[in-house]
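This is upload-v2.csv. It holds CSV, C-alpha atoms and all ligand atoms.
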```csv
chain,number,residue,atom,x,y,z
W,140,MET,CA,14.8,-8.7,43.7
W,141,SER,CA,12.8,-7.6,40.8
W,142,GLU,CA,13.8,-4.4,39.0
W,143,THR,CA,11.7,-1.2,39.6
W,144,ILE,CA,10.7,0.7,36.5
W,145,GLY,CA,9.4,4.2,36.8
W,146,VAL,CA,7.0,5.6,34.3
W,147,VAL,CA,6.2,9.4,34.1
W,148,GLY,CA,2.8,10.0,32.5
W,149,ALA,CA,-0.3,7.8,32.7
W,150,GLY,CA,-1.7,8.6,29.3
W,151,THR,CA,-2.0,6.2,26.4
W,152,MET,CA,1.7,5.4,26.1
W,153,GLY,CA,2.6,5.6,29.8
W,154,ASN,CA,-0.1,3.2,31.0
W,155,GLY,CA,0.7,0.8,28.2
W,156,ILE,CA,4.4,0.8,29.2
W,157,ALA,CA,3.5,0.3,32.9
W,158,GLN,CA,1.3,-2.6,31.9
W,159,VAL,CA,4.0,-4.5,29.9
W,160,ALA,CA,6.6,-3.8,32.5
W,161,ALA,CA,4.4,-5.2,35.3
W,162,ARG,CA,3.4,-8.1,33.2
W,163,ALA,CA,7.1,-8.9,32.7
W,164,GLY,CA,7.5,-9.1,36.4
W,165,CYS,CA,8.9,-5.7,37.2
W,166,ASP,CA,7.7,-3.5,40.0
W,167,VAL,CA,6.3,-0.3,38.5
W,168,VAL,CA,5.9,3.2,39.9
W,169,ILE,CA,3.7,5.3,37.6
W,170,ARG,CA,3.5,9.0,38.2
W,171,ASP,CA,1.2,11.7,36.8
W,172,VAL,CA,0.3,15.2,38.0
W,173,GLN,CA,-3.3,14.5,38.9
W,174,ASP,CA,-5.0,11.6,40.6
W,175,ASP,CA,-7.8,11.3,38.0
W,176,PHE,CA,-5.2,10.9,35.2
W,177,LEU,CA,-3.7,8.0,37.2
W,178,GLN,CA,-7.1,6.4,37.8
W,179,ARG,CA,-7.9,6.7,34.1
W,180,GLY,CA,-4.6,5.0,33.3
W,181,LEU,CA,-5.1,2.2,35.7
W,182,LYS,CA,-8.6,1.6,34.3
W,183,THR,CA,-7.2,1.3,30.8
W,184,ILE,CA,-4.6,-1.3,32.1
W,185,ASP,CA,-7.4,-3.2,33.8
W,186,LYS,CA,-9.5,-3.2,30.6
W,187,SER,CA,-6.5,-4.3,28.5
W,188,LEU,CA,-5.6,-7.2,30.8
W,189,GLN,CA,-9.2,-8.2,31.0
W,190,ARG,CA,-9.2,-8.9,27.2
W,191,ASP,CA,-6.7,-11.6,28.0
W,192,VAL,CA,-8.7,-12.9,30.9
W,193,ASP,CA,-11.7,-13.1,28.6
W,194,LYS,CA,-9.7,-15.0,26.1
W,195,GLU,CA,-8.4,-17.4,28.9
W,196,ARG,CA,-4.8,-16.3,28.3
W,197,LEU,CA,-4.6,-14.9,31.8
W,198,SER,CA,-6.3,-15.8,35.1
W,199,THR,CA,-8.2,-13.3,37.2
W,200,GLU,CA,-5.6,-14.0,39.9
W,201,GLU,CA,-2.7,-13.2,37.5
W,202,LYS,CA,-4.4,-10.0,36.4
W,203,HIS,CA,-4.7,-8.9,40.0
W,204,GLY,CA,-1.0,-9.9,40.6
W,205,ILE,CA,0.0,-7.6,37.6
W,206,LEU,CA,-2.1,-4.7,38.8
W,207,GLY,CA,-0.7,-5.2,42.3
W,208,LYS,CA,2.8,-4.6,40.9
W,209,ILE,CA,1.9,-1.1,39.8
W,210,LYS,CA,2.1,1.7,42.3
W,211,ALA,CA,0.4,5.0,41.2
W,212,THR,CA,1.5,8.3,42.6
W,213,THR,CA,1.5,12.0,42.0
W,214,GLU,CA,4.9,12.4,43.8
W,215,LEU,CA,7.9,12.5,41.5
W,216,SER,CA,10.1,11.7,44.5
W,217,ALA,CA,8.4,8.2,44.6
W,218,LEU,CA,10.6,7.4,41.5
W,219,SER,CA,13.8,7.8,43.5
W,220,GLY,CA,14.4,4.0,43.8
W,221,CYS,CA,13.9,3.1,40.1
W,222,SER,CA,16.7,1.6,38.1
W,223,VAL,CA,15.1,2.9,34.8
W,224,VAL,CA,12.6,5.7,34.5
W,225,ILE,CA,10.7,6.0,31.2
W,226,GLU,CA,9.2,9.4,30.5
W,227,ALA,CA,6.0,9.4,28.5
W,228,VAL,CA,4.6,12.9,29.0
W,229,THR,CA,3.2,15.3,26.4
W,230,GLU,CA,5.2,15.7,23.2
W,231,ASN,CA,6.6,19.2,24.1
W,232,LEU,CA,10.3,20.0,24.4
W,233,GLU,CA,9.9,22.3,27.4
W,234,VAL,CA,7.7,20.0,29.4
W,235,LYS,CA,10.0,17.0,28.7
W,236,THR,CA,13.1,19.1,29.5
W,237,ASP,CA,11.6,20.0,32.9
W,238,VAL,CA,10.8,16.4,33.6
W,239,PHE,CA,14.3,15.3,32.8
W,240,ARG,CA,15.8,18.1,34.9
W,241,ALA,CA,13.7,17.0,37.9
W,242,LEU,CA,14.4,13.3,37.4
W,243,ASP,CA,18.1,14.0,37.3
W,244,GLN,CA,17.7,15.6,40.8
W,245,ILE,CA,15.7,12.9,42.5
W,246,THR,CA,17.0,9.6,41.1
W,247,GLN,CA,20.2,7.7,41.9
W,248,PRO,CA,23.1,8.7,39.6
W,249,THR,CA,23.1,5.2,38.2
W,250,THR,CA,19.4,5.4,37.0
W,251,ILE,CA,18.8,5.4,33.3
W,252,LEU,CA,16.5,8.1,32.1
W,253,ALA,CA,14.6,7.1,28.9
W,254,SER,CA,12.2,9.1,26.9
W,255,ASN,CA,9.3,7.7,24.9
W,256,THR,CA,9.4,10.7,22.7
W,257,SER,CA,8.3,10.2,19.1
W,258,SER,CA,10.5,12.9,17.6
W,259,ILE,CA,12.2,15.2,20.2
W,260,SER,CA,16.1,15.1,20.2
W,261,ILE,CA,17.5,12.7,22.8
W,262,THR,CA,20.7,14.8,22.8
W,263,LYS,CA,18.7,17.9,23.9
W,264,LEU,CA,17.0,15.9,26.7
W,265,GLY,CA,20.4,14.5,27.8
W,266,ALA,CA,21.8,18.1,27.9
W,267,ALA,CA,19.2,19.0,30.5
W,268,THR,CA,20.8,16.5,32.9
W,269,ARG,CA,24.2,15.8,34.5
W,270,ARG,CA,24.1,12.3,33.1
W,271,PRO,CA,23.7,12.5,29.3
W,272,ASP,CA,25.5,9.2,29.0
W,273,LYS,CA,22.5,7.6,30.8
W,274,VAL,CA,19.8,9.3,28.7
W,275,ILE,CA,18.3,7.4,25.8
W,276,GLY,CA,15.1,7.1,23.7
W,277,MET,CA,12.8,4.1,24.1
W,278,HIS,CA,10.1,4.8,21.6
W,279,PHE,CA,7.2,2.3,22.1
W,280,MET,CA,4.4,2.0,19.6
W,281,ASN,CA,0.6,2.3,20.2
W,282,PRO,CA,-1.0,0.0,21.4
W,283,VAL,CA,2.0,-0.8,23.6
W,284,PRO,CA,0.7,-4.2,24.8
W,285,VAL,CA,0.3,-5.3,21.2
W,286,MET,CA,3.1,-3.7,19.1
W,287,LYS,CA,6.5,-5.6,19.2
W,288,LEU,CA,8.8,-2.7,18.5
W,289,VAL,CA,10.9,-0.4,20.7
W,290,GLU,CA,12.8,2.0,18.6
W,291,VAL,CA,16.0,2.7,20.7
W,292,ILE,CA,17.6,6.1,20.0
W,293,ARG,CA,21.0,7.0,21.2
W,294,GLY,CA,21.8,10.7,21.9
W,295,ILE,CA,25.3,11.9,21.0
W,296,ALA,CA,26.5,11.1,24.6
W,297,THR,CA,24.5,7.9,25.3
W,298,SER,CA,27.0,5.2,26.5
W,299,ASP,CA,27.2,1.7,25.2
W,300,GLU,CA,26.4,0.4,28.7
W,301,THR,CA,23.1,2.4,28.7
W,302,TYR,CA,22.3,1.1,25.3
W,303,GLU,CA,22.9,-2.5,26.3
W,304,ARG,CA,20.8,-2.2,29.5
W,305,VAL,CA,17.9,-0.8,27.5
W,306,ARG,CA,18.2,-3.5,24.9
W,307,SER,CA,18.0,-6.2,27.6
W,308,LEU,CA,15.1,-4.4,29.3
W,309,SER,CA,13.3,-4.4,26.0
W,310,ASP,CA,13.9,-8.1,25.6
W,311,LYS,CA,12.5,-8.6,29.1
W,312,LEU,CA,9.4,-6.7,28.2
W,313,GLY,CA,8.9,-9.0,25.2
W,314,LYS,CA,9.8,-6.3,22.7
W,315,THR,CA,12.2,-6.2,19.9
W,316,ALA,CA,14.6,-3.3,20.2
W,317,LEU,CA,15.9,-1.8,16.9
W,318,ASP,CA,18.3,1.1,17.1
W,319,CYS,CA,18.7,4.3,15.2
W,320,GLN,CA,20.5,7.6,15.4
W,321,ASP,CA,19.1,10.8,17.0
W,322,SER,CA,17.7,12.4,13.9
W,323,PRO,CA,14.3,14.2,13.5
W,324,GLY,CA,11.5,11.7,13.6
W,325,PHE,CA,14.0,8.9,14.0
W,326,VAL,CA,13.1,6.1,11.5
W,327,SER,CA,9.5,5.3,12.5
W,328,ASN,CA,8.0,8.7,12.1
W,329,ARG,CA,10.3,9.9,9.3
W,330,VAL,CA,8.7,7.2,7.2
W,331,LEU,CA,5.2,6.9,8.7
W,332,MET,CA,4.2,10.6,9.0
W,333,PRO,CA,4.9,11.7,5.4
W,334,MET,CA,2.8,8.8,4.3
W,335,ILE,CA,-0.1,9.9,6.6
W,336,ASN,CA,0.5,13.6,5.6
W,337,GLU,CA,0.3,12.5,1.9
W,338,ALA,CA,-3.0,10.7,2.5
W,339,ILE,CA,-4.3,13.9,4.1
W,340,PHE,CA,-3.2,15.8,1.0
W,341,ALA,CA,-5.0,13.3,-1.2
W,342,LEU,CA,-8.2,13.9,0.8
W,343,TYR,CA,-7.6,17.7,0.7
W,344,GLU,CA,-7.2,17.7,-3.0
W,345,GLY,CA,-10.3,15.6,-3.5
W,346,VAL,CA,-8.3,12.7,-5.1
W,347,ALA,CA,-10.5,10.2,-3.2
W,348,THR,CA,-12.9,9.9,-0.3
W,349,ARG,CA,-11.6,9.0,3.2
W,350,GLU,CA,-13.0,5.5,2.8
W,351,SER,CA,-11.3,5.0,-0.5
W,352,ILE,CA,-7.9,6.3,0.6
W,353,ASP,CA,-8.0,4.1,3.7
W,354,GLY,CA,-9.4,1.1,1.8
W,355,ILE,CA,-6.7,1.4,-0.9
W,356,MET,CA,-3.9,1.3,1.6
W,357,LYS,CA,-5.5,-1.4,3.7
W,358,LEU,CA,-6.4,-3.8,1.0
W,359,GLY,CA,-3.6,-2.8,-1.4
W,360,MET,CA,-0.7,-2.7,0.9
W,361,ASN,CA,-1.9,-5.0,3.7
W,362,HIS,CA,-1.7,-2.2,6.3
W,363,PRO,CA,-3.8,-3.1,9.4
W,364,MET,CA,-5.4,0.4,9.3
W,365,GLY,CA,-5.7,3.0,6.5
W,366,PRO,CA,-3.6,6.1,7.0
W,367,LEU,CA,-6.5,8.4,8.0
W,368,THR,CA,-7.8,5.9,10.5
W,369,LEU,CA,-4.3,5.6,11.9
W,370,ALA,CA,-3.9,9.4,12.1
W,371,ASP,CA,-7.1,9.5,14.1
W,372,PHE,CA,-5.8,6.7,16.3
W,373,ILE,CA,-2.4,8.5,16.9
W,374,GLY,CA,-4.0,11.9,17.4
W,375,LEU,CA,-4.0,14.6,14.8
W,376,ASP,CA,-2.2,17.0,17.2
W,377,VAL,CA,0.6,14.5,17.6
W,378,CYS,CA,0.8,14.0,13.8
W,379,LEU,CA,1.0,17.8,13.3
W,380,ALA,CA,3.7,18.2,16.0
W,381,ILE,CA,5.8,15.4,14.4
W,382,MET,CA,5.4,16.9,10.9
W,383,ASN,CA,6.6,20.2,12.3
W,384,VAL,CA,9.6,18.6,13.9
W,385,LEU,CA,10.5,16.9,10.5
W,386,HIS,CA,10.0,20.2,8.6
W,387,GLU,CA,12.1,22.3,11.0
W,388,GLY,CA,14.7,19.7,11.7
W,389,LEU,CA,15.3,18.5,8.1
W,390,GLY,CA,14.5,21.8,6.4
W,391,ASP,CA,13.0,20.2,3.3
W,392,PRO,CA,9.6,21.5,2.1
W,393,LYS,CA,8.5,18.0,1.4
W,394,TYR,CA,7.8,17.7,5.1
W,395,ARG,CA,5.3,20.6,5.3
W,396,ALA,CA,2.1,19.7,7.1
W,397,CYS,CA,-1.0,19.6,5.0
W,398,PRO,CA,-3.2,22.7,5.6
W,399,LEU,CA,-6.2,20.3,6.2
W,400,LEU,CA,-4.3,18.7,9.1
W,401,LYS,CA,-3.6,22.1,10.6
W,402,ARG,CA,-7.3,23.1,10.2
W,403,TYR,CA,-8.5,20.0,11.9
W,404,VAL,CA,-6.2,20.6,14.8
W,405,ASP,CA,-7.3,24.2,15.1
W,406,ALA,CA,-10.9,23.0,15.2
W,407,GLY,CA,-10.0,20.6,18.1
W,408,TRP,CA,-10.8,17.6,15.8
W,409,LEU,CA,-7.9,15.6,17.2
W,410,GLY,CA,-9.1,12.1,16.2
W,411,ARG,CA,-10.4,9.3,18.4
W,412,LYS,CA,-9.6,11.0,21.7
W,413,SER,CA,-11.8,14.1,20.9
W,414,GLY,CA,-14.6,12.1,19.2
W,415,ARG,CA,-13.9,13.5,15.8
W,416,GLY,CA,-11.0,13.5,13.3
W,417,PHE,CA,-11.2,12.2,9.8
W,418,TYR,CA,-14.0,10.0,11.1
W,419,GLU,CA,-16.6,10.4,13.8
W,420,TYR,CA,-16.3,8.3,17.0
C,1,LIG,N1,-4.4,-3.7,24.8
C,1,LIG,C1,-4.3,-5.0,24.7
C,1,LIG,N2,-4.5,-5.7,23.6
C,1,LIG,C2,-5.0,-5.1,22.5
C,1,LIG,C3,-5.2,-3.7,22.5
C,1,LIG,C4,-4.9,-3.0,23.7
C,1,LIG,N3,-5.1,-1.7,23.8
C,1,LIG,N4,-5.7,-3.3,21.3
C,1,LIG,C5,-5.8,-4.4,20.5
C,1,LIG,N5,-5.4,-5.5,21.3
C,1,LIG,C6,-5.3,-6.9,20.8
C,1,LIG,C7,-6.6,-7.6,20.7
C,1,LIG,O1,-7.0,-8.1,21.9
C,1,LIG,C8,-6.3,-8.6,19.7
C,1,LIG,O2,-5.6,-9.7,20.3
C,1,LIG,P1,-5.6,-11.2,19.7
C,1,LIG,O3,-5.5,-11.1,18.2
C,1,LIG,O4,-4.4,-11.8,20.3
C,1,LIG,O5,-6.9,-11.8,20.1
C,1,LIG,C9,-5.3,-7.9,18.7
C,1,LIG,O6,-4.7,-6.9,19.5
C,1,LIG,C10,-6.0,-7.4,17.5
C,1,LIG,O7,-7.0,-6.5,18.0
C,1,LIG,P2,-8.5,-6.4,17.4
C,1,LIG,O8,-8.9,-7.7,16.8
C,1,LIG,O9,-9.4,-5.7,18.4
C,1,LIG,O10,-8.4,-5.3,16.2
C,1,LIG,P3,-7.4,-5.2,15.0
C,1,LIG,O11,-7.1,-6.6,14.4
C,1,LIG,O12,-8.0,-4.2,14.1
C,1,LIG,O13,-6.1,-4.7,15.6
C,1,LIG,C11,-4.6,-3.0,16.1
C,1,LIG,C12,-6.0,-3.5,16.3
C,1,LIG,C13,-3.6,-3.9,16.8
C,1,LIG,C14,-4.6,-1.6,16.7
C,1,LIG,C15,-4.3,-2.9,14.5
C,1,LIG,O14,-5.3,-2.2,13.9
C,1,LIG,C16,-3.0,-2.2,14.2
C,1,LIG,O15,-1.9,-2.8,14.3
C,1,LIG,N6,-3.0,-0.9,13.8
C,1,LIG,C17,-1.8,-0.2,13.5
C,1,LIG,C18,-1.2,0.3,14.7
C,1,LIG,C19,0.0,1.2,14.5
C,1,LIG,O16,0.4,1.4,13.4
C,1,LIG,N7,0.6,1.6,15.6
C,1,LIG,C20,1.7,2.5,15.5
C,1,LIG,C21,1.3,3.9,15.5
C,1,LIG,S1,2.6,5.0,15.5
C,1,LIG,C22,3.1,5.1,17.0
C,1,LIG,O17,2.6,4.6,18.0
C,1,LIG,C23,4.3,5.9,17.3
C,1,LIG,C24,4.3,7.4,17.1
C,1,LIG,O18,5.3,7.9,17.5
C,1,LIG,C25,3.2,8.1,16.5
```
Spell out the structure here as structure tokens.
Ligand code: CAA
Amino acid sequence: MSETIGVVGAGTMGNGIAQVAARAGCDVVIRDVQDDFLQRGLKTIDKSLQRDVDKERLSTEEKHGILGKIKATTELSALSGCSVVIEAVTENLEVKTDVFRALDQITQPTTILASNTSSISITKLGAATRRPDKVIGMHFMNPVPVMKLVEVIRGIATSDETYERVRSLSDKLGKTALDCQDSPGFVSNRVLMPMINEAIFALYEGVATRESIDGIMKLGMNHPMGPLTLADFIGLDVCLAIMNVLHEGLGDPKYRACPLLKRYVDAGWLGRKSGRGFYEY
């Protein structure tokens, strides 16, 4: 019998995780609060798989087979039979804590509860449940179908067994799991976000244009995207939230968010998803 993976949240990360899990042969239950969020998520999965159909790396039949493995629901209770549930809701401690508390109530005691958080403490999320030994971070990167990494974060109480199960699930999904401790921003965002923030400071101080800053990092460092383009891709609200977690959690002024980043978020210029960030879309 194939494993059933639950995904909470059908946004960018949630639908990507659902796609790779279904493609790896898992049954998937994806839950969001509204049907239109689910429909949008399923449409994104369809589009993403279609790229591979167009490139003749997947047949239309296989695509339908993958889509058929994904059950979309607004009922949290539909996740009760999952062996692992991966939470990918908005990056907000209160919202995530509520989800973990509810998942703890409705899933089997053996179910692993993983969070795709990009910076929130796994130890805190574990403490909201009666099974902190089975709570762990599985931080996927965007776009999930393309990026190879899963950053695996162990909370203070996460057991070795949970860690091993998540490592082997990551292998099954075709990802490479690399582990780190539960520290603000983990490794990925502790290193990435200050670079993005510094690029925003360079723009703010008029050191160079947006095109120059991005071009210098793309051509000079062989990055696939310049830092301002990447910030727009990630979402400027997400970048700001992560900088705030680093600043508060590590207490060092070097992590203070650039005033220009704050101003853009205040204006609702959140990057690609809102049609405007450092670039216009
Ligand atoms: N679904 C499926 N496939 C996708 C895809 C998607 N959403 N987006 C791109 N692809 C595939 C394309 O089909 C293409 O595949 P092939 O090469 O096998 O044909 C490949 O990815 C490259 O895509 P494109 O040619 O369209 O464009 P590109 O070469 O510019 O690559 C990119 C796009 C993969 C996004 C690349 O620009 C990139 O790697 N950017 C950096 C992404 C990054 O840093 N992500 C991490 C963000 S941080 C994060 O996620 C964590 C956090 O906590 C904030």
(message) Ranking W:Leu177, W:Met280, W:Ile251, W:Ala267 by minimum distance to W:Thr297 and counting all atoms listed in the file, which one comes first?
(response) W:Ile251
Would you give me, as JSON lines, each residue of chain W having an atom within 8 Å of an atom of ligand LIG 1 (chain C), along with its shortest atom pair and that distance in Å to one decimal, using all atoms listed in the file and sorting by chain and residue number?
```
{"residue": "W:Gly155", "atom": "CA", "partner": "C:LIG1", "partner_atom": "N1", "distance": 7.6}
{"residue": "W:Thr183", "atom": "CA", "partner": "C:LIG1", "partner_atom": "N3", "distance": 7.9}
{"residue": "W:Ile184", "atom": "CA", "partner": "C:LIG1", "partner_atom": "N1", "distance": 7.7}
{"residue": "W:Lys186", "atom": "CA", "partner": "C:LIG1", "partner_atom": "N1", "distance": 7.7}
{"residue": "W:Ser187", "atom": "CA", "partner": "C:LIG1", "partner_atom": "N1", "distance": 4.3}
{"residue": "W:Leu188", "atom": "CA", "partner": "C:LIG1", "partner_atom": "C1", "distance": 6.6}
{"residue": "W:Arg190", "atom": "CA", "partner": "C:LIG1", "partner_atom": "O1", "distance": 5.8}
{"residue": "W:Asp191", "atom": "CA", "partner": "C:LIG1", "partner_atom": "O1", "distance": 7.0}
{"residue": "W:Lys194", "atom": "CA", "partner": "C:LIG1", "partner_atom": "O5", "distance": 7.4}
{"residue": "W:Thr256", "atom": "CA", "partner": "C:LIG1", "partner_atom": "O18", "distance": 7.2}
{"residue": "W:Ser257", "atom": "CA", "partner": "C:LIG1", "partner_atom": "O18", "distance": 4.1}
{"residue": "W:Ser258", "atom": "CA", "partner": "C:LIG1", "partner_atom": "O18", "distance": 7.2}
{"residue": "W:His278", "atom": "CA", "partner": "C:LIG1", "partner_atom": "O18", "distance": 7.0}
{"residue": "W:Phe279", "atom": "CA", "partner": "C:LIG1", "partner_atom": "O17", "distance": 6.6}
{"residue": "W:Met280", "atom": "CA", "partner": "C:LIG1", "partner_atom": "O17", "distance": 3.5}
{"residue": "W:Asn281", "atom": "CA", "partner": "C:LIG1", "partner_atom": "O17", "distance": 3.8}
{"residue": "W:Pro282", "atom": "CA", "partner": "C:LIG1", "partner_atom": "N3", "distance": 5.0}
{"residue": "W:Val283", "atom": "CA", "partner": "C:LIG1", "partner_atom": "N1", "distance": 7.1}
{"residue": "W:Pro284", "atom": "CA", "partner": "C:LIG1", "partner_atom": "C1", "distance": 5.1}
{"residue": "W:Val285", "atom": "CA", "partner": "C:LIG1", "partner_atom": "N2", "distance": 5.4}
{"residue": "W:Met286", "atom": "CA", "partner": "C:LIG1", "partner_atom": "N7", "distance": 6.8}
{"residue": "W:Ser327", "atom": "CA", "partner": "C:LIG1", "partner_atom": "O18", "distance": 7.0}
{"residue": "W:Asn328", "atom": "CA", "partner": "C:LIG1", "partner_atom": "O18", "distance": 6.1}
{"residue": "W:Leu331", "atom": "CA", "partner": "C:LIG1", "partner_atom": "S1", "distance": 7.5}
{"residue": "W:Met332", "atom": "CA", "partner": "C:LIG1", "partner_atom": "C25", "distance": 8.0}
{"residue": "W:His362", "atom": "CA", "partner": "C:LIG1", "partner_atom": "C17", "distance": 7.5}
{"residue": "W:Pro363", "atom": "CA", "partner": "C:LIG1", "partner_atom": "O14", "distance": 4.8}
{"residue": "W:Met364", "atom": "CA", "partner": "C:LIG1", "partner_atom": "N6", "distance": 5.3}
{"residue": "W:Leu369", "atom": "CA", "partner": "C:LIG1", "partner_atom": "O16", "distance": 6.5}
{"residue": "W:Phe372", "atom": "CA", "partner": "C:LIG1", "partner_atom": "C21", "distance": 7.7}
{"residue": "W:Ile373", "atom": "CA", "partner": "C:LIG1", "partner_atom": "C25", "distance": 5.6}
{"residue": "W:Val377", "atom": "CA", "partner": "C:LIG1", "partner_atom": "C25", "distance": 7.0}
{"residue": "W:Cys378", "atom": "CA", "partner": "C:LIG1", "partner_atom": "C25", "distance": 6.9}
```
(message) Using only C-alpha atoms - which residues lie no farther than 7 Å from the point (14.4, 4.0, 38.0) in the file's frame? Write them as a PyMOL selection string.
(response) chain W and resi 143-145+218-224+246+250-251
(request) Could you jot down the atom CA of W:Gly150 to atom CA of W:Asp185 separation for me, Å, one decimal place? (result) 13.9 Å
(message) Using Å and a single decimal, report how far atom CA of W:Arg170 sits from atom CA of W:Lys210.
(response)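 Distance between the two atoms: 8.5 Å.
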(request) Work out how far atom CA of W:Glu142 is from atom CA of W:Arg196, in Å to one decimal. (result)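 Interatomic distance here is 24.5 Å.
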